[in-house]
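Next comes model-v9.txt, with compact mmCIF, C-alpha atoms.
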```txt
# COMPACT_ATOMS: atom_id res chain seq x y z
CA MET A 1 18.89 -79.93 1.53
CA PRO A 2 17.59 -78.65 4.91
CA VAL A 3 14.38 -80.23 6.16
CA VAL A 4 11.36 -78.67 7.83
CA GLU A 5 9.31 -80.51 10.43
CA THR A 6 5.61 -80.48 9.51
CA VAL A 7 2.79 -82.05 11.46
CA LEU A 8 2.90 -84.99 9.04
CA GLY A 9 6.67 -85.39 9.27
CA PRO A 10 9.85 -83.90 7.82
CA VAL A 11 9.74 -82.30 4.37
CA ALA A 12 12.63 -80.96 2.32
CA ALA A 13 12.56 -77.16 2.51
CA ASP A 14 12.37 -76.75 -1.25
CA GLU A 15 9.26 -78.95 -1.36
CA LEU A 16 7.20 -76.55 0.74
CA GLY A 17 6.07 -74.58 -2.30
CA ALA A 18 4.53 -71.16 -1.65
CA VAL A 19 4.47 -70.42 2.10
CA ASP A 20 2.05 -68.38 4.19
CA ALA A 21 4.53 -67.69 7.00
CA HIS A 22 2.07 -66.65 9.72
CA GLU A 23 -1.27 -68.33 10.27
CA HIS A 24 -3.52 -69.82 12.94
CA VAL A 25 -5.52 -72.92 12.02
CA PHE A 26 -7.00 -73.21 15.53
CA LEU A 27 -6.90 -70.50 18.19
CA ARG A 28 -8.38 -69.71 21.58
CA THR A 29 -7.13 -66.81 23.68
CA PRO A 30 -8.50 -64.65 26.51
CA VAL A 31 -7.31 -61.62 24.54
CA ASN A 32 -10.15 -62.19 22.03
CA PRO A 33 -13.01 -63.75 24.03
CA GLY A 34 -15.77 -65.26 21.90
CA ASP A 35 -13.65 -65.14 18.74
CA GLU A 36 -12.04 -68.56 19.08
CA PHE A 37 -12.05 -71.06 16.20
CA LEU A 38 -11.63 -74.73 17.05
CA ASP A 39 -13.87 -76.58 14.55
CA THR A 40 -11.96 -79.21 12.59
CA GLY A 41 -14.32 -79.28 9.60
CA LYS A 42 -14.23 -75.51 9.21
CA ALA A 43 -10.44 -75.52 9.52
CA ALA A 44 -10.22 -78.06 6.69
CA ALA A 45 -12.58 -75.97 4.55
CA GLU A 46 -10.44 -72.88 5.14
CA LEU A 47 -7.23 -74.70 4.20
CA LEU A 48 -8.84 -76.08 1.05
CA ARG A 49 -9.45 -72.46 0.00
CA VAL A 50 -5.83 -71.68 0.83
CA ALA A 51 -4.69 -74.56 -1.39
CA ALA A 52 -6.91 -73.35 -4.22
CA SER A 53 -5.24 -69.92 -3.98
CA GLY A 54 -1.82 -71.44 -4.71
CA ILE A 55 -0.39 -71.60 -1.18
CA ARG A 56 1.10 -75.00 -0.34
CA THR A 57 2.36 -74.48 3.24
CA VAL A 58 1.07 -72.57 6.24
CA VAL A 59 3.14 -71.83 9.32
CA ASP A 60 0.75 -72.10 12.26
CA LEU A 61 2.23 -69.79 14.90
CA THR A 62 -0.20 -70.75 17.67
CA PRO A 63 1.96 -71.31 20.75
CA VAL A 64 1.44 -73.38 23.91
CA GLY A 65 -1.88 -72.98 25.73
CA LEU A 66 -3.80 -71.13 23.02
CA GLY A 67 -5.87 -73.89 21.48
CA ARG A 68 -3.30 -75.98 19.63
CA ARG A 69 -4.86 -79.23 18.43
CA PRO A 70 -2.00 -81.33 17.01
CA VAL A 71 -4.04 -84.40 16.07
CA GLN A 72 -6.64 -82.24 14.31
CA LEU A 73 -3.89 -80.17 12.66
CA ALA A 74 -2.58 -83.35 11.09
CA GLU A 75 -6.10 -84.29 9.99
CA VAL A 76 -6.77 -80.99 8.22
CA SER A 77 -3.31 -81.08 6.65
CA ARG A 78 -4.12 -84.47 5.11
CA THR A 79 -7.58 -83.32 3.99
CA SER A 80 -6.34 -80.13 2.34
CA ALA A 81 -2.94 -81.38 1.11
CA VAL A 82 -1.44 -78.24 2.68
CA HIS A 83 1.76 -78.67 4.68
CA VAL A 84 1.36 -77.31 8.22
CA VAL A 85 4.39 -76.25 10.24
CA ALA A 86 3.23 -76.03 13.86
CA ALA A 87 4.71 -73.96 16.67
CA THR A 88 5.65 -74.44 20.25
CA GLY A 89 6.64 -71.56 22.52
CA PHE A 90 4.93 -68.84 24.53
CA HIS A 91 3.07 -65.72 23.39
CA ARG A 92 3.23 -62.31 25.05
CA SER A 93 2.07 -62.43 28.66
CA ALA A 94 -1.35 -60.84 27.99
CA HIS A 95 -2.45 -64.18 26.53
CA TYR A 96 -1.90 -66.05 29.82
CA PRO A 97 -4.04 -65.40 32.93
CA ALA A 98 -2.30 -64.69 36.22
CA ALA A 99 -2.74 -68.28 37.41
CA HIS A 100 -1.43 -69.93 34.25
CA TRP A 101 1.36 -72.41 34.92
CA ALA A 102 3.66 -70.82 32.30
CA ARG A 103 3.99 -67.76 34.53
CA HIS A 104 5.12 -69.82 37.51
CA ALA A 105 6.99 -72.85 36.12
CA ASP A 106 10.73 -73.02 36.69
CA ASP A 107 13.16 -72.47 33.82
CA ALA A 108 13.88 -76.19 33.38
CA THR A 109 10.18 -76.98 32.99
CA LEU A 110 9.67 -74.24 30.42
CA LEU A 111 12.53 -75.62 28.36
CA ASP A 112 11.37 -79.23 28.72
CA VAL A 113 7.91 -78.34 27.38
CA LEU A 114 9.40 -76.82 24.24
CA LEU A 115 11.88 -79.65 23.68
CA ASP A 116 9.17 -82.28 24.14
CA ASP A 117 7.00 -80.57 21.50
CA LEU A 118 9.95 -80.35 19.10
CA ARG A 119 11.55 -83.75 19.65
CA THR A 120 8.83 -86.13 20.83
CA GLY A 121 5.55 -84.64 19.66
CA MET A 122 3.19 -81.88 20.76
CA ASP A 123 1.05 -82.63 23.78
CA SER A 124 -2.41 -83.71 22.62
CA HIS A 125 -4.02 -81.53 25.31
CA ASP A 126 -1.79 -78.51 24.63
CA TRP A 127 -0.33 -78.79 28.13
CA ASP A 128 -3.70 -78.01 29.75
CA PHE A 129 -3.70 -81.13 31.94
CA PRO A 130 -1.25 -82.36 34.62
CA ARG A 131 -0.24 -85.46 32.69
CA PRO A 132 0.95 -84.87 29.10
CA VAL A 133 -0.15 -87.15 26.28
CA PRO A 134 2.39 -86.73 23.48
CA SER A 135 1.05 -86.88 19.93
CA PRO A 136 3.20 -88.10 17.03
CA HIS A 137 3.04 -84.62 15.51
CA LYS A 138 6.09 -82.45 16.17
CA ALA A 139 6.41 -78.68 16.21
CA GLY A 140 8.75 -77.21 13.60
CA VAL A 141 9.19 -73.61 14.79
CA ILE A 142 9.18 -71.67 18.08
CA LYS A 143 6.85 -68.71 18.69
CA LEU A 144 7.59 -66.02 21.29
CA GLY A 145 5.81 -62.77 22.04
CA ALA A 146 6.81 -59.29 23.19
CA SER A 147 4.54 -56.63 24.67
CA TYR A 148 4.01 -53.12 23.32
CA HIS A 149 7.39 -51.34 23.33
CA ARG A 150 8.77 -53.71 25.99
CA ILE A 151 9.52 -57.27 27.01
CA ASP A 152 8.19 -57.98 30.50
CA ARG A 153 9.75 -60.26 33.12
CA HIS A 154 7.65 -63.31 32.14
CA GLU A 155 8.42 -62.82 28.47
CA GLU A 156 12.13 -62.53 29.27
CA ARG A 157 12.06 -66.04 30.76
CA TRP A 158 10.09 -67.41 27.82
CA PHE A 159 12.57 -65.84 25.41
CA ALA A 160 15.42 -67.53 27.27
CA ALA A 161 13.71 -70.92 27.03
CA GLY A 162 12.85 -70.38 23.38
CA ALA A 163 16.38 -69.38 22.41
CA THR A 164 17.85 -72.39 24.20
CA ALA A 165 15.36 -74.77 22.57
CA ALA A 166 16.10 -73.27 19.16
CA ARG A 167 19.85 -73.69 19.62
CA GLN A 168 19.42 -77.30 20.74
CA THR A 169 17.10 -78.30 17.88
CA GLY A 170 18.10 -76.05 14.97
CA VAL A 171 14.62 -74.62 14.37
CA ALA A 172 13.84 -70.95 13.77
CA VAL A 173 12.12 -68.55 16.17
CA ALA A 174 9.21 -66.29 15.24
CA VAL A 175 8.59 -63.26 17.46
CA HIS A 176 5.30 -61.41 17.84
CA THR A 177 6.12 -57.69 17.92
CA GLU A 178 3.16 -55.73 19.21
CA VAL A 179 2.35 -53.19 16.48
CA GLY A 180 5.88 -53.69 15.20
CA THR A 181 7.56 -52.39 18.38
CA ALA A 182 10.42 -53.78 20.51
CA ALA A 183 11.91 -55.57 17.51
CA HIS A 184 15.50 -54.56 18.26
CA ALA A 185 14.97 -55.45 21.94
CA ALA A 186 13.76 -58.91 20.91
CA LEU A 187 16.83 -59.48 18.74
CA ASP A 188 19.08 -58.23 21.55
CA LEU A 189 17.52 -60.59 24.08
CA LEU A 190 17.68 -63.62 21.81
CA ASP A 191 21.29 -62.81 20.95
CA LYS A 192 22.07 -62.60 24.68
CA HIS A 193 20.88 -66.20 24.91
CA GLY A 194 22.95 -67.34 21.95
CA LEU A 195 20.45 -67.18 19.09
CA PRO A 196 21.60 -65.03 16.16
CA ALA A 197 19.23 -62.69 14.34
CA GLY A 198 19.55 -64.78 11.20
CA ARG A 199 17.35 -67.44 12.82
CA VAL A 200 14.60 -64.98 13.78
CA LEU A 201 11.36 -64.02 12.01
CA LEU A 202 9.84 -60.75 13.26
CA ALA A 203 6.07 -60.71 12.93
CA HIS A 204 3.77 -57.72 12.39
CA THR A 205 6.54 -55.43 11.18
CA ASP A 206 4.15 -54.13 8.53
CA ARG A 207 2.01 -52.73 11.36
CA ASN A 208 4.86 -50.22 11.75
CA PRO A 209 5.55 -49.49 8.06
CA ASP A 210 8.89 -47.79 8.62
CA PRO A 211 11.26 -48.87 5.82
CA GLU A 212 14.38 -47.49 7.51
CA LEU A 213 13.61 -49.53 10.63
CA HIS A 214 12.97 -52.61 8.51
CA LEU A 215 16.28 -52.24 6.71
CA ASP A 216 18.07 -51.84 10.04
CA LEU A 217 16.50 -55.08 11.31
CA ILE A 218 17.43 -56.89 8.11
CA ALA A 219 20.98 -55.54 8.37
CA ARG A 220 21.23 -57.46 11.64
CA GLY A 221 20.22 -60.62 9.76
CA ALA A 222 16.57 -60.88 10.77
CA HIS A 223 13.70 -61.96 8.54
CA LEU A 224 10.50 -59.92 8.55
CA VAL A 225 7.01 -61.22 7.92
CA TYR A 226 4.47 -58.75 6.56
CA ASP A 227 1.48 -60.60 7.92
CA THR A 228 -1.57 -58.38 8.06
CA ILE A 229 -2.44 -58.84 4.40
CA GLY A 230 -6.10 -58.07 3.78
CA ARG A 231 -6.52 -56.48 7.23
CA ILE A 232 -7.62 -53.14 5.87
CA LYS A 233 -8.46 -51.74 9.32
CA TYR A 234 -4.71 -51.39 9.85
CA ARG A 235 -3.75 -49.88 6.48
CA PRO A 236 -4.38 -50.51 2.78
CA ASP A 237 -2.48 -53.37 1.16
CA SER A 238 -0.81 -50.83 -1.13
CA VAL A 239 1.31 -49.82 1.87
CA VAL A 240 2.66 -53.38 2.09
CA LEU A 241 3.32 -53.40 -1.64
CA ASP A 242 5.28 -50.17 -1.20
CA LEU A 243 7.31 -51.74 1.62
CA ILE A 244 8.09 -54.81 -0.46
CA GLU A 245 9.15 -52.63 -3.36
CA ARG A 246 11.45 -50.63 -1.04
CA MET A 247 13.04 -53.83 0.28
CA ALA A 248 13.51 -55.07 -3.29
CA GLU A 249 15.17 -51.80 -4.32
CA ALA A 250 17.59 -52.23 -1.41
CA GLY A 251 18.36 -55.80 -2.49
CA LYS A 252 16.90 -57.24 0.73
CA LEU A 253 13.79 -59.03 -0.50
CA GLY A 254 15.31 -62.37 0.52
CA HIS A 255 14.61 -61.39 4.13
CA VAL A 256 10.88 -60.76 3.64
CA CYS A 257 8.07 -63.30 4.09
CA LEU A 258 4.30 -62.89 3.83
CA GLY A 259 1.30 -64.07 5.83
CA THR A 260 -2.26 -63.19 6.80
CA ASP A 261 -2.25 -64.03 10.54
CA VAL A 262 -5.98 -64.63 10.71
CA GLY A 263 -6.47 -64.60 14.48
CA ARG A 264 -10.24 -64.24 14.82
CA LYS A 265 -13.18 -66.42 13.88
CA SER A 266 -14.80 -63.34 12.38
CA SER A 267 -11.95 -63.14 9.84
CA LEU A 268 -12.45 -66.65 8.45
CA THR A 269 -14.59 -67.47 5.43
CA ALA A 270 -15.59 -70.85 6.90
CA TYR A 271 -17.27 -69.01 9.78
CA GLY A 272 -18.98 -66.48 7.53
CA GLY A 273 -16.36 -63.77 7.99
CA GLY A 274 -13.58 -62.21 5.99
CA PRO A 275 -11.17 -61.57 4.39
CA GLY A 276 -10.44 -65.29 4.71
CA MET A 277 -7.15 -67.11 5.12
CA ASP A 278 -6.80 -67.35 1.35
CA VAL A 279 -6.65 -63.58 0.80
CA LEU A 280 -2.87 -63.74 0.43
CA GLY A 281 -2.89 -66.02 -2.59
CA ARG A 282 -6.26 -64.91 -3.93
CA GLU A 283 -5.83 -61.13 -3.95
CA PHE A 284 -2.41 -59.96 -2.78
CA VAL A 285 -0.08 -62.20 -4.79
CA PRO A 286 -1.57 -61.14 -8.16
CA ARG A 287 -1.08 -57.49 -7.18
CA LEU A 288 2.51 -58.16 -6.14
CA ARG A 289 3.20 -60.03 -9.38
CA ARG A 290 1.84 -57.12 -11.44
CA ARG A 291 4.01 -54.63 -9.59
CA LEU A 292 7.33 -56.49 -9.18
CA GLY A 293 7.12 -59.63 -11.31
CA ASP A 294 7.18 -63.35 -10.76
CA GLU A 295 10.71 -63.55 -9.34
CA ALA A 296 9.76 -61.24 -6.48
CA VAL A 297 6.75 -63.43 -5.72
CA LYS A 298 8.97 -66.51 -5.66
CA THR A 299 11.41 -64.77 -3.34
CA VAL A 300 8.91 -63.81 -0.64
CA LEU A 301 6.72 -66.91 -0.88
CA ARG A 302 9.35 -69.58 -1.50
CA TYR A 303 13.03 -68.71 -1.18
CA ALA A 304 12.89 -66.56 1.97
CA PRO A 305 10.60 -68.73 4.14
CA GLN A 306 12.15 -71.98 2.94
CA ALA A 307 15.63 -70.75 3.88
CA LEU A 308 14.47 -69.64 7.33
CA LEU A 309 12.39 -72.70 8.21
CA GLY A 310 14.99 -75.29 7.24
CA LYS A 311 16.55 -76.83 10.34
CA GLU A 312 20.17 -75.97 11.04
CA THR A 313 22.66 -78.26 12.76
CA PRO A 314 21.87 -77.91 16.49
CA ALA A 315 24.39 -76.18 18.69
CA VAL A 316 26.30 -78.48 21.02
```

Structure rendered as structure tokens:
Amino acid sequence: MPVVETVLGPVAADELGAVDAHEHVFLRTPVNPGDEFLDTGKAAAELLRVAASGIRTVVDLTPVGLGRRPVQLAEVSRTSAVHVVAATGFHRSAHYPAAHWARHADDATLLDVLLDDLRTGMDSHDWDFPRPVPSPHKAGVIKLGASYHRIDRHEERWFAAGATAARQTGVAVAVHTEVGTAAHAALDLLDKHGLPAGRVLLAHTDRNPDPELHLDLIARGAHLVYDTIGRIKYRPDSVVLDLIERMAEAGKLGHVCLGTDVGRKSSLTAYGGGPGMDVLGREFVPRLRRRLGDEAVKTVLRYAPQALLGKETPAV
């Protein structure tokens, strides 16, 4: 049975239970000034709500430099009894100021940072200080980001490092697609660096609810994560239900995962906002079960993410 690296250690993939495949437990980014969330107690309270909704694992896709707190991630995982799969990697370039080291580091350094997070343990200071202090808590997935309709020159280098790290460690890669764009370009670039589409999770594809595009991406082997559940400013959740139904009719539901991607303090119940990180299990899953049945729920919450997250034998 493949294993998945969580912040509390390796877990058999089939023991993850229901998976929210795109979350942020802590986050700080210049893209959303004043909307950061870094409070450990509030994070634990939010994950307790997630657990009560029936979700047993969250994939925290916060990459390097955006407020990762590995020691605190482990603490809230213990408190809530929710498995947390943490990420290393680099987001789209808008999240890193012009002077940030990730824009200027050489290729070897970029790769070393990712491999250290995956093999030794994530840096306790999230690589914000000159001297790293490894924690015992390893990353279990790589996060990369693409810009709107394009992948810029910085992102191209980060994709190269991410693909190499994934091949050397056997973990999967999640890619931020801005409003669902540049998905094929992301798969092309990762493939160029030796990572097949079958090891890739494309985020935010539901922001571009184009079923023909989604089926084309799946035909290449990619997994999709519909991860703006409860974010009604983008579109009603019925649109996501329609997409899931279309993927099921095509026999491709095993390539679909779900998440809420709560990326703002104002979206978290613990901070007095909404819809809350638990909206997936609390509201959306019952609607999905009514429409498509329990087996469909198991496929998108269990079988698909568990298959993707399980480590493969690293490439030599």

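Non-sequential neighbours of A:Arg119 (distance at most 10 Å, separation of 2 or more positions within a chain, only C-alpha atoms) are Leu114, Leu115, Asp116, Asp117, Gly121, Met122, Pro136, His137, Lys138, Ala139, Gly140 and Thr169 of chain A.
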
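One finds atom CA of A:Leu201 at 12.8 Å from atom CA of A:Gly310.
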
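Near stretch 298-305 of chain A, within 6 Å and counting only C-alpha atoms, sit Ala18, Val19, Gly254, His255, Val256, Cys257, Glu295, Ala296, Ala307, Leu308 and Leu309 of chain A; same-chain residues fewer than 2 positions away were not included.
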
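Across the structure, atom CA of A:Gly273 and atom CA of A:Asp60 are spaced 19.5 Å apart.
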
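In terms of minimum interatomic distance to A:Leu16, A:Gly54 ranks closest within A:Gly89, A:Pro33, A:Pro70, A:Gly54, counting all atoms listed in the file.
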